[in-house]
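Student: Got a structure here, written out as structure tokens. Questions coming.
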Amino acid sequence: DLLQADAVVLAGEAWAGAELLRDAAPELAAELAPIPHPPVAVVGLGYGPEQARKAPRGFGALVCRGERLGMLGCLWDSAIFDGRAPREHLLVRCMYGGTLAPEAALRGEDELVSAARADLAALLGIDGPPAHVAVAKWDRAIPQYELGHVARQARIEALVERCFGLYLAGNHQQGIAFARAAASGVEAGERAVRALAQR
């Protein structure tokens, strides 16, 4: 069905926006499409109080290249968000893949869980079996700001300006963190409201 709209906020991945805009705004689509989004797998592991006590206070860790760990990093969700795990328990997300090791995200679930358990044992001393396990995979995940991204972003913004009523939001623009991506959606909506009010 065709939906008529005075303004559209296109919030999502650059590759998805490119597909949607291929016919309506081919130049813009051509700028969005090449932004790389390597695969990422996330392994969620939940632990009871005995193992949870081994995790230091904090919210996670990034793993530097050259360390003897296979993960990109891990987040302690139960320390970041209330209600993600029962009291005194620990919920950890371990991330694999990315630009430098995309093949790590393509492994089977059992292999990913084994890798995450080994990495957590080495990093935090958590060596007991998890009470909860979940694995999620994204074939195209975190956008990469490669050399020339700032110039590409300027071209994207100029092309969007030529498409009255179109606004872009997402982590491919000015920050990959969730909070920044969410803020870009709010900002795009506010720009749309202001533009419509001036018509």
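For the structure tokens, the naming scheme is as follows: chains receive sequential letters (A, B, ...) according to their order of presentation, residues are indexed from 1 within each chain, and ligands are indexed from 1 in presentation order.
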Might you pull out every residue within 12 Å of A:Glu31, with only C-alpha atoms counted and same-chain residues fewer than 4 positions away left off, and present them as JSON, numbers by chain?
Tutor: {"A": [14, 15, 17, 18, 19, 21, 22, 25, 26, 27, 35, 36, 148, 149, 150, 151, 152, 153, 154, 155, 156, 157, 158, 159, 160, 172, 173]}
Student: If DSSP is run on the backbone, what residues of stretch 2-188 of chain A are strand (DSSP E or B)? A reply as a PDB file with N, CA, C and O atoms, in the first residue's frame would be ideal.
Tutor:
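And here's part15.pdb as it stands now:
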ATOM      1  N   VAL A   8       9.161  11.944   6.552  1.00  0.00           N
ATOM      2  CA  VAL A   8       9.533  10.561   6.874  1.00  0.00           C
ATOM      3  C   VAL A   8      10.867  10.579   7.599  1.00  0.00           C
ATOM      4  O   VAL A   8      11.832  11.184   7.121  1.00  0.00           O
ATOM      5  N   VAL A   9      10.910   9.940   8.763  1.00  0.00           N
ATOM      6  CA  VAL A   9      12.170   9.741   9.472  1.00  0.00           C
ATOM      7  C   VAL A   9      12.586   8.302   9.230  1.00  0.00           C
ATOM      8  O   VAL A   9      11.886   7.370   9.638  1.00  0.00           O
ATOM      9  N   LEU A  10      13.694   8.135   8.539  1.00  0.00           N
ATOM     10  CA  LEU A  10      14.210   6.810   8.216  1.00  0.00           C
ATOM     11  C   LEU A  10      15.252   6.452   9.271  1.00  0.00           C
ATOM     12  O   LEU A  10      16.383   6.933   9.238  1.00  0.00           O
ATOM     13  N   ALA A  11      14.835   5.660  10.242  1.00  0.00           N
ATOM     14  CA  ALA A  11      15.699   5.312  11.370  1.00  0.00           C
ATOM     15  C   ALA A  11      16.097   3.843  11.248  1.00  0.00           C
ATOM     16  O   ALA A  11      15.246   2.961  11.273  1.00  0.00           O
ATOM     17  N   VAL A  40      28.331  -9.616  13.900  1.00  0.00           N
ATOM     18  CA  VAL A  40      28.602  -9.698  15.338  1.00  0.00           C
ATOM     19  C   VAL A  40      27.670 -10.754  15.938  1.00  0.00           C
ATOM     20  O   VAL A  40      26.497 -10.831  15.574  1.00  0.00           O
ATOM     21  N   ALA A  41      28.229 -11.555  16.829  1.00  0.00           N
ATOM     22  CA  ALA A  41      27.426 -12.510  17.605  1.00  0.00           C
ATOM     23  C   ALA A  41      27.511 -12.105  19.069  1.00  0.00           C
ATOM     24  O   ALA A  41      28.579 -11.698  19.555  1.00  0.00           O
ATOM     25  N   VAL A  42      26.385 -12.212  19.769  1.00  0.00           N
ATOM     26  CA  VAL A  42      26.331 -11.860  21.193  1.00  0.00           C
ATOM     27  C   VAL A  42      25.910 -13.104  21.972  1.00  0.00           C
ATOM     28  O   VAL A  42      24.898 -13.733  21.659  1.00  0.00           O
ATOM     29  N   VAL A  43      26.713 -13.443  22.974  1.00  0.00           N
ATOM     30  CA  VAL A  43      26.427 -14.594  23.830  1.00  0.00           C
ATOM     31  C   VAL A  43      26.034 -14.062  25.206  1.00  0.00           C
ATOM     32  O   VAL A  43      26.822 -13.382  25.872  1.00  0.00           O
ATOM     33  N   GLY A  44      24.809 -14.346  25.596  1.00  0.00           N
ATOM     34  CA  GLY A  44      24.331 -13.954  26.919  1.00  0.00           C
ATOM     35  C   GLY A  44      24.439 -15.121  27.884  1.00  0.00           C
ATOM     36  O   GLY A  44      23.962 -16.223  27.581  1.00  0.00           O
ATOM     37  N   LEU A  45      25.075 -14.896  29.015  1.00  0.00           N
ATOM     38  CA  LEU A  45      25.241 -15.938  30.030  1.00  0.00           C
ATOM     39  C   LEU A  45      24.770 -15.409  31.375  1.00  0.00           C
ATOM     40  O   LEU A  45      25.164 -14.315  31.792  1.00  0.00           O
ATOM     41  N   GLY A  46      23.912 -16.178  32.035  1.00  0.00           N
ATOM     42  CA  GLY A  46      23.414 -15.800  33.350  1.00  0.00           C
ATOM     43  C   GLY A  46      23.988 -16.704  34.432  1.00  0.00           C
ATOM     44  O   GLY A  46      24.077 -17.926  34.244  1.00  0.00           O
ATOM     45  N   TYR A  47      24.380 -16.102  35.552  1.00  0.00           N
ATOM     46  CA  TYR A  47      25.008 -16.857  36.638  1.00  0.00           C
ATOM     47  C   TYR A  47      24.338 -16.549  37.968  1.00  0.00           C
ATOM     48  O   TYR A  47      23.826 -15.453  38.184  1.00  0.00           O
ATOM     49  N   GLY A  60      31.513  -3.487  32.507  1.00  0.00           N
ATOM     50  CA  GLY A  60      31.989  -4.271  31.385  1.00  0.00           C
ATOM     51  C   GLY A  60      33.446  -4.039  31.094  1.00  0.00           C
ATOM     52  O   GLY A  60      34.158  -3.360  31.842  1.00  0.00           O
ATOM     53  N   ALA A  61      33.881  -4.623  29.981  1.00  0.00           N
ATOM     54  CA  ALA A  61      35.279  -4.501  29.584  1.00  0.00           C
ATOM     55  C   ALA A  61      35.397  -4.610  28.079  1.00  0.00           C
ATOM     56  O   ALA A  61      34.690  -5.399  27.449  1.00  0.00           O
ATOM     57  N   LEU A  62      36.269  -3.792  27.512  1.00  0.00           N
ATOM     58  CA  LEU A  62      36.647  -3.919  26.112  1.00  0.00           C
ATOM     59  C   LEU A  62      37.964  -4.673  26.060  1.00  0.00           C
ATOM     60  O   LEU A  62      38.823  -4.502  26.922  1.00  0.00           O
ATOM     61  N   GLY A  73      34.522  -7.755  23.626  1.00  0.00           N
ATOM     62  CA  GLY A  73      34.300  -7.187  24.942  1.00  0.00           C
ATOM     63  C   GLY A  73      33.092  -7.833  25.579  1.00  0.00           C
ATOM     64  O   GLY A  73      32.447  -8.703  24.979  1.00  0.00           O
ATOM     65  N   CYS A  74      32.793  -7.431  26.799  1.00  0.00           N
ATOM     66  CA  CYS A  74      31.606  -7.961  27.465  1.00  0.00           C
ATOM     67  C   CYS A  74      30.972  -6.866  28.320  1.00  0.00           C
ATOM     68  O   CYS A  74      31.652  -5.946  28.779  1.00  0.00           O
ATOM     69  N   LEU A  75      29.681  -6.978  28.482  1.00  0.00           N
ATOM     70  CA  LEU A  75      28.916  -6.040  29.303  1.00  0.00           C
ATOM     71  C   LEU A  75      28.215  -6.824  30.395  1.00  0.00           C
ATOM     72  O   LEU A  75      27.694  -7.915  30.156  1.00  0.00           O
ATOM     73  N   TRP A  76      28.187  -6.260  31.586  1.00  0.00           N
ATOM     74  CA  TRP A  76      27.484  -6.870  32.704  1.00  0.00           C
ATOM     75  C   TRP A  76      26.108  -6.217  32.784  1.00  0.00           C
ATOM     76  O   TRP A  76      25.899  -5.232  33.488  1.00  0.00           O
ATOM     77  N   LEU A  90      24.061 -12.493  38.025  1.00  0.00           N
ATOM     78  CA  LEU A  90      24.844 -11.772  37.031  1.00  0.00           C
ATOM     79  C   LEU A  90      24.409 -12.180  35.627  1.00  0.00           C
ATOM     80  O   LEU A  90      24.294 -13.368  35.332  1.00  0.00           O
ATOM     81  N   LEU A  91      24.171 -11.196  34.781  1.00  0.00           N
ATOM     82  CA  LEU A  91      23.902 -11.450  33.363  1.00  0.00           C
ATOM     83  C   LEU A  91      24.981 -10.742  32.561  1.00  0.00           C
ATOM     84  O   LEU A  91      25.167  -9.525  32.685  1.00  0.00           O
ATOM     85  N   VAL A  92      25.715 -11.502  31.770  1.00  0.00           N
ATOM     86  CA  VAL A  92      26.835 -10.993  30.994  1.00  0.00           C
ATOM     87  C   VAL A  92      26.562 -11.200  29.511  1.00  0.00           C
ATOM     88  O   VAL A  92      26.030 -12.235  29.110  1.00  0.00           O
ATOM     89  N   ARG A  93      26.927 -10.187  28.695  1.00  0.00           N
ATOM     90  CA  ARG A  93      26.870 -10.306  27.226  1.00  0.00           C
ATOM     91  C   ARG A  93      28.289 -10.257  26.678  1.00  0.00           C
ATOM     92  O   ARG A  93      28.992  -9.260  26.870  1.00  0.00           O
ATOM     93  N   CYS A  94      28.698 -11.295  25.983  1.00  0.00           N
ATOM     94  CA  CYS A  94      30.016 -11.346  25.349  1.00  0.00           C
ATOM     95  C   CYS A  94      29.830 -11.190  23.840  1.00  0.00           C
ATOM     96  O   CYS A  94      28.973 -11.858  23.250  1.00  0.00           O
ATOM     97  N   MET A  95      30.646 -10.331  23.223  1.00  0.00           N
ATOM     98  CA  MET A  95      30.482 -10.027  21.794  1.00  0.00           C
ATOM     99  C   MET A  95      31.660 -10.551  20.985  1.00  0.00           C
ATOM    100  O   MET A  95      32.821 -10.398  21.392  1.00  0.00           O
ATOM    101  N   TYR A  96      31.330 -11.149  19.826  1.00  0.00           N
ATOM    102  CA  TYR A  96      32.340 -11.740  18.950  1.00  0.00           C
ATOM    103  C   TYR A  96      32.131 -11.267  17.514  1.00  0.00           C
ATOM    104  O   TYR A  96      31.003 -11.014  17.098  1.00  0.00           O
ATOM    105  N   GLY A  97      33.229 -11.181  16.777  1.00  0.00           N
ATOM    106  CA  GLY A  97      33.146 -10.807  15.367  1.00  0.00           C
ATOM    107  C   GLY A  97      33.755  -9.449  15.128  1.00  0.00           C
ATOM    108  O   GLY A  97      34.854  -9.156  15.589  1.00  0.00           O
ATOM    109  N   HIS A 132      21.727 -19.642  32.599  1.00  0.00           N
ATOM    110  CA  HIS A 132      20.964 -19.140  31.444  1.00  0.00           C
ATOM    111  C   HIS A 132      21.930 -18.904  30.297  1.00  0.00           C
ATOM    112  O   HIS A 132      23.021 -18.377  30.486  1.00  0.00           O
ATOM    113  N   VAL A 133      21.512 -19.307  29.082  1.00  0.00           N
ATOM    114  CA  VAL A 133      22.328 -19.113  27.882  1.00  0.00           C
ATOM    115  C   VAL A 133      21.436 -18.627  26.752  1.00  0.00           C
ATOM    116  O   VAL A 133      20.342 -19.164  26.528  1.00  0.00           O
ATOM    117  N   ALA A 134      21.891 -17.612  26.034  1.00  0.00           N
ATOM    118  CA  ALA A 134      21.181 -17.131  24.850  1.00  0.00           C
ATOM    119  C   ALA A 134      22.219 -16.608  23.856  1.00  0.00           C
ATOM    120  O   ALA A 134      23.188 -15.964  24.253  1.00  0.00           O
ATOM    121  N   VAL A 135      21.997 -16.892  22.574  1.00  0.00           N
ATOM    122  CA  VAL A 135      22.913 -16.438  21.523  1.00  0.00           C
ATOM    123  C   VAL A 135      22.108 -15.702  20.459  1.00  0.00           C
ATOM    124  O   VAL A 135      21.056 -16.173  20.024  1.00  0.00           O
ATOM    125  N   ALA A 136      22.586 -14.537  20.073  1.00  0.00           N
ATOM    126  CA  ALA A 136      21.959 -13.768  18.989  1.00  0.00           C
ATOM    127  C   ALA A 136      23.045 -13.401  17.984  1.00  0.00           C
ATOM    128  O   ALA A 136      24.169 -13.081  18.364  1.00  0.00           O
ATOM    129  N   LYS A 137      22.685 -13.471  16.692  1.00  0.00           N
ATOM    130  CA  LYS A 137      23.652 -13.165  15.640  1.00  0.00           C
ATOM    131  C   LYS A 137      23.088 -12.116  14.695  1.00  0.00           C
ATOM    132  O   LYS A 137      21.903 -12.129  14.378  1.00  0.00           O
ATOM    133  N   TRP A 138      23.969 -11.216  14.257  1.00  0.00           N
ATOM    134  CA  TRP A 138      23.618 -10.216  13.253  1.00  0.00           C
ATOM    135  C   TRP A 138      24.630 -10.311  12.117  1.00  0.00           C
ATOM    136  O   TRP A 138      25.833 -10.137  12.338  1.00  0.00           O
ATOM    137  N   LEU A 166      12.510  14.280   4.130  1.00  0.00           N
ATOM    138  CA  LEU A 166      13.237  13.064   4.494  1.00  0.00           C
ATOM    139  C   LEU A 166      14.272  13.393   5.567  1.00  0.00           C
ATOM    140  O   LEU A 166      15.027  14.357   5.444  1.00  0.00           O
ATOM    141  N   TYR A 167      14.323  12.572   6.601  1.00  0.00           N
ATOM    142  CA  TYR A 167      15.266  12.756   7.705  1.00  0.00           C
ATOM    143  C   TYR A 167      15.841  11.394   8.058  1.00  0.00           C
ATOM    144  O   TYR A 167      15.114  10.393   8.085  1.00  0.00           O
ATOM    145  N   LEU A 168      17.143  11.344   8.293  1.00  0.00           N
ATOM    146  CA  LEU A 168      17.813  10.090   8.628  1.00  0.00           C
ATOM    147  C   LEU A 168      18.205  10.059  10.098  1.00  0.00           C
ATOM    148  O   LEU A 168      18.565  11.082  10.680  1.00  0.00           O
ATOM    149  N   ALA A 169      18.136   8.884  10.669  1.00  0.00           N
ATOM    150  CA  ALA A 169      18.596   8.667  12.039  1.00  0.00           C
ATOM    151  C   ALA A 169      19.208   7.277  12.114  1.00  0.00           C
ATOM    152  O   ALA A 169      18.853   6.393  11.345  1.00  0.00           O
TER     153      ALA A 169
END
Student: Once DSSP has gone over the backbone, tell me which residues of stretch 38-121 of chain A are in alpha helix (DSSP H), as a PyMOL selection string.
Tutor: chain A and resi 49-52+77-80+109-121
Student: Restricting the calculation to only C-alpha atoms: of A:Gly165, A:Gly189, A:Gly83, A:Pro143, which residue gets closest to A:Pro34?
Tutor: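 Smallest distance to A:Pro34 is found for A:Pro143.
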Student: Need to verify the contact set: A:Ala121, 12 Å, only C-alpha atoms, exclusion of same-chain residues closer than 4 positions in sequence. Can you return it as a PyMOL selection string?
Tutor: chain A and resi 51+54-55+69+114-117+125-130
